[in-house]
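J.: Sharing a structure, written as structure tokens. Questions coming.
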Amino acid sequence: MEPYDERIQALTMELRNFITDLVPQANELIWDNYNAVALAYSKSEKLKDAFCHIAVYSDHVNFGFNRGVELKQTVKLNGKGKLIRHISLKDFQSFPKKEIQSMIWEAVGISENLNNELSDKNLQPKSIVMSVSEKKKRPKVKRAGNTV
């Protein structure tokens with residue numbers, strides 16, 4: 001997260017805390033990809049069981065649902081893919097917490113219905129680095145007036 005400016009780092013951590021406070025038994029699956037850092041939240045260690053995710057870019061953060069097309073959308077979600085939908089954020093103040101909270105619970109239910117082995121009893125949730133891309137497109141790190 002170091003290359004991202006403080007605003008993006010803070011927004012990412014606020015969104016992460018929102019999810020982990022709401023669903024503390026969820027594992028955090030991390031991809032340090034070429035064009036973004038992606039965090040998926042799942043009651044297993046598999047992406048196919050993930051119910052929501054965060055994608056970090058240089059000027060915004062996407063908060064998304066892995067099966068967003070199947071949700072009753074109380075918040076308008078964007079995307080044109082087969083399943084995934086998201087909202088783009090520049091600050092946490094614009095994040096519709098109450099509406100997204102109910103959508104997260106619905107998404108967790110969808111995930112559990114697809115895999116009846118998922119359990120609320122994951123007492124040791126983990127952060128797991130799934131992959132790290134060798135090449136990365138990241139903002140330049142700013143230190144004491146210099147760009148690195």
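Following the order of the structure tokens, chains are lettered A, B, ..., residues in each are numbered from 1, and ligands are numbered from 1.
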Quick one: DSSP alpha helix (DSSP H) residues in chain A, as a VMD selection string?
T.: chain A and resid 6 to 22 97 to 114
J.: Take the residues that were just selected and, keeping N, CA and C atoms, output them as a CSV table (one decimal), in the first residue's frame.
T.:
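Now in result_25.csv:
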```csv
chain,number,residue,atom,x,y,z
A,6,GLU,N,-1.9,8.9,1.1
A,6,GLU,CA,-2.5,8.7,2.4
A,6,GLU,C,-4.0,8.6,2.3
A,7,ARG,N,-4.7,9.3,1.4
A,7,ARG,CA,-6.1,9.3,1.3
A,7,ARG,C,-6.6,8.0,0.8
A,8,ILE,N,-6.0,7.4,-0.2
A,8,ILE,CA,-6.3,6.1,-0.7
A,8,ILE,C,-6.0,5.0,0.4
A,9,GLN,N,-4.9,5.1,1.0
A,9,GLN,CA,-4.6,4.1,2.1
A,9,GLN,C,-5.6,4.2,3.2
A,10,ALA,N,-6.0,5.4,3.6
A,10,ALA,CA,-7.0,5.5,4.7
A,10,ALA,C,-8.3,4.9,4.3
A,11,LEU,N,-8.8,5.3,3.1
A,11,LEU,CA,-10.0,4.8,2.6
A,11,LEU,C,-10.0,3.3,2.5
A,12,THR,N,-9.0,2.7,2.0
A,12,THR,CA,-8.8,1.2,1.9
A,12,THR,C,-9.0,0.6,3.3
A,13,MET,N,-8.3,1.1,4.3
A,13,MET,CA,-8.3,0.6,5.6
A,13,MET,C,-9.7,0.7,6.3
A,14,GLU,N,-10.3,1.9,6.0
A,14,GLU,CA,-11.7,2.0,6.5
A,14,GLU,C,-12.7,1.0,6.0
A,15,LEU,N,-12.6,0.8,4.7
A,15,LEU,CA,-13.4,-0.2,4.0
A,15,LEU,C,-13.1,-1.6,4.5
A,16,ARG,N,-11.8,-1.9,4.7
A,16,ARG,CA,-11.4,-3.2,5.2
A,16,ARG,C,-11.9,-3.4,6.6
A,17,ASN,N,-11.8,-2.4,7.5
A,17,ASN,CA,-12.3,-2.5,8.8
A,17,ASN,C,-13.8,-2.7,8.9
A,18,PHE,N,-14.5,-2.0,8.0
A,18,PHE,CA,-16.0,-2.1,7.9
A,18,PHE,C,-16.3,-3.6,7.6
A,19,ILE,N,-15.7,-4.2,6.7
A,19,ILE,CA,-16.0,-5.6,6.4
A,19,ILE,C,-15.6,-6.5,7.5
A,20,THR,N,-14.4,-6.4,8.0
A,20,THR,CA,-13.9,-7.3,9.1
A,20,THR,C,-14.7,-7.1,10.4
A,21,ASP,N,-15.1,-5.9,10.7
A,21,ASP,CA,-16.0,-5.7,11.8
A,21,ASP,C,-17.3,-6.4,11.7
A,22,LEU,N,-17.9,-6.3,10.4
A,22,LEU,CA,-19.2,-6.9,10.2
A,22,LEU,C,-19.2,-8.4,10.1
A,97,LYS,N,-22.9,3.2,4.2
A,97,LYS,CA,-22.7,2.1,5.1
A,97,LYS,C,-23.9,1.2,5.4
A,98,LYS,N,-25.0,1.8,5.7
A,98,LYS,CA,-26.2,1.1,6.1
A,98,LYS,C,-26.7,0.2,5.0
A,99,GLU,N,-26.8,0.8,3.8
A,99,GLU,CA,-27.3,0.0,2.6
A,99,GLU,C,-26.3,-1.1,2.2
A,100,ILE,N,-25.0,-0.8,2.3
A,100,ILE,CA,-24.0,-1.8,1.9
A,100,ILE,C,-24.0,-2.9,2.9
A,101,GLN,N,-24.2,-2.6,4.2
A,101,GLN,CA,-24.2,-3.6,5.3
A,101,GLN,C,-25.2,-4.7,4.9
A,102,SER,N,-26.4,-4.2,4.6
A,102,SER,CA,-27.5,-5.2,4.3
A,102,SER,C,-27.1,-6.0,3.0
A,103,MET,N,-26.5,-5.4,2.0
A,103,MET,CA,-26.1,-6.0,0.8
A,103,MET,C,-25.0,-7.1,1.1
A,104,ILE,N,-24.1,-6.7,2.1
A,104,ILE,CA,-23.0,-7.7,2.4
A,104,ILE,C,-23.6,-8.9,3.1
A,105,TRP,N,-24.6,-8.8,4.0
A,105,TRP,CA,-25.3,-9.9,4.6
A,105,TRP,C,-26.0,-10.8,3.5
A,106,GLU,N,-26.6,-10.1,2.5
A,106,GLU,CA,-27.2,-10.8,1.4
A,106,GLU,C,-26.2,-11.6,0.6
A,107,ALA,N,-25.0,-11.0,0.4
A,107,ALA,CA,-23.9,-11.6,-0.4
A,107,ALA,C,-23.4,-12.8,0.4
A,108,VAL,N,-23.2,-12.7,1.7
A,108,VAL,CA,-22.7,-13.8,2.5
A,108,VAL,C,-23.7,-14.9,2.4
A,109,GLY,N,-25.0,-14.6,2.4
A,109,GLY,CA,-26.0,-15.7,2.3
A,109,GLY,C,-25.9,-16.4,1.0
A,110,ILE,N,-25.7,-15.6,-0.1
A,110,ILE,CA,-25.6,-16.2,-1.4
A,110,ILE,C,-24.4,-17.2,-1.5
A,111,SER,N,-23.3,-16.7,-0.9
A,111,SER,CA,-22.0,-17.5,-0.8
A,111,SER,C,-22.3,-18.8,-0.1
A,112,GLU,N,-22.9,-18.7,1.1
A,112,GLU,CA,-23.2,-19.9,1.9
A,112,GLU,C,-24.2,-20.8,1.2
A,113,ASN,N,-25.1,-20.3,0.5
A,113,ASN,CA,-26.0,-21.2,-0.3
A,113,ASN,C,-25.3,-22.0,-1.4
A,114,LEU,N,-24.3,-21.4,-2.0
A,114,LEU,CA,-23.6,-22.0,-3.0
A,114,LEU,C,-22.6,-23.0,-2.5
```
J.: Going by DSSP on the backbone, which bits of region 21-86 of chain A are strand (DSSP E)? Write them as a list in words, please.
T.: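 Taking region 21-86 of chain A and keeping strand (DSSP E) gives Asn27, Glu28, Leu29, Ile30, Trp31, Asp32, Val37, Ala38, Leu39, Ala40, Tyr41, Ser42, Ala50, Phe51, Cys52, His53, Ile54, Ala55, Val56, Val61, Asn62, Phe63, Gly64, Phe65, Arg85 and His86 of chain A.
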J.: I'd like the neighbourhood of Leu47 (chain A) as a PyMOL selection string, where a residue qualifies if any of its atoms comes within 12 Å (using only C-alpha atoms), though same-chain residues fewer than 6 positions away should be ignored.
T.: chain A and resi 26-31+38-41+53+65-67+111+128-130
J.: Pick the closest to Glu45 (chain A) from A:Lys80, A:Asn116, A:Pro125, A:Glu70: which is it, counting only C-alpha atoms?
T.: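 Ranking A:Lys80, A:Asn116, A:Pro125, A:Glu70 by distance to Glu45 (chain A), first place goes to A:Pro125.
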J.: By how many Å are CA of Gly68 (chain A) and CA of Gly81 (chain A) apart?
T.: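 That distance, rounded to one decimal, is 9.8 Å.
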